[in-house]
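Written out below as structure tokens is the structure these notes cover.
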Amino acid sequence: MGNTTESAILFADLRSSTALYLKLGNKEAARLVTHSLALLGQIIEGAGGRVVKTLGDGLMAVFDNAERAVDASTSLHESLERIVPGEGERVSKEGAVKLKVAIAWGETIAVDGDCFGDAVNVAARLLDLAGESETLTTAELLRQLPSDHLERFRSIDKLYLRGRKEPVSVVRMERSRFGDTMSTVVFDTLPSDMPDGIRLVWMGAERVFSTASMPVILGRSPQAQFCVSDARVSRSHARIESHSGQLYLSDLSYNGTHVKFDHDDQVMTLRRGTCTLHGSGVIALGAPPNDPSSTQIRFDVLSFSDTLPQY
């Protein structure tokens, strides 16, 4: 049996690689992906981590120090922003290589160079939920960090991850620090003027989610808080969350998420991106709302005080 220890497990996955193959061709895109993964490996090794294995367009790494894993995540994101596809040729914004990262801290077992354990499982599940250019981690990892690092993190909420009976406190790491303010630490309070919730309606099913119950995952998975059954919808397709006095919708899928507000004829397309939700409109999963076969979810951003009697 292998050695058991407390470690930080980091998963990183390249996004938009499919678009690169279409844009650059197989040979050049494969070169760029290989170069990107090699660069990520060098950064991890330089930060004191070890690459356990590569996984398609991504990799898994282990750190014996949580702070080094966090610092490495920031460097990984920044390094890919400087990569160009060829000599003198810059990738367009749509075709640029993006990265998503997940980190979990916990007990791991090393066997023949590989790592196993709860931290590995949690990090892998978090990677499924992470958006483009985003790092998700857990409150357990934050407990291993110096106090001056906590301002970089904002709580998403406790989420039920596949294969776990108990929810996990998930937090997002911001790319930069916020100065002396601690308004974004994990256990902050919400502004009083933020929306109180959102109403979602699909195929006769109507549910109201308060900000206290967010984030809300929209998707095909039975574990999704708002479950829809459509083959074009990913298991975890999109996420609605609240912070800084607003509600935000983030695309987590391969097929994209589309938003049309009732007051605007234009359709906003999110591909691993995020937009602010306000008023009312339609969220279309996997296909634009002008496609009659698309999964279209009606939404209304709610202020519960507006529904109270006025005296």
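Labeling convention for the structure tokens: chains A, B, ... as they appear, residues from 1 per chain, ligands from 1 in order of appearance.
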Between region 24-139 of chain A and region 238-248 of chain A, at 12 Å or less, what are the per-residue closest atom pairs and their distances in Å? Count only C-alpha atoms, order by chain and rising residue number, and return it as a Markdown table.
```
| residue | atom | partner | partner_atom | distance |
| --- | --- | --- | --- | --- |
| A:Asp128 | CA | A:Ala238 | CA | 11.1 |
| A:Leu129 | CA | A:Arg239 | CA | 8.4 |
| A:Ala130 | CA | A:Arg239 | CA | 9.7 |
| A:Gly131 | CA | A:Ala238 | CA | 9.2 |
```
Checklist entry - Skipping near chain neighbours, those fewer than 4 positions away, what residues fall within 9 Å of Asp230 (chain A) using only C-alpha atoms, listed as a list in words? => result Gly219, Arg220, Ser234, Ser294 and Thr295 of chain A
Checklist entry - Separation of CA of Ala102 (chain A) and CA of Ala212 (chain A), in Å? => result 23.7 Å
Checklist entry - Contacts of region 53-61 of chain A at 7 Å or less, counting only C-alpha atoms, minus same-chain residues fewer than 6 places along, as an MDAnalysis selection string? => result chainID A and resid 9:14
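If you measure from each of A:Pro195, A:Gly279, A:Gly48, A:Pro289 to Met214 (chain A) using only C-alpha atoms, the closest one turns out to be A:Pro195.
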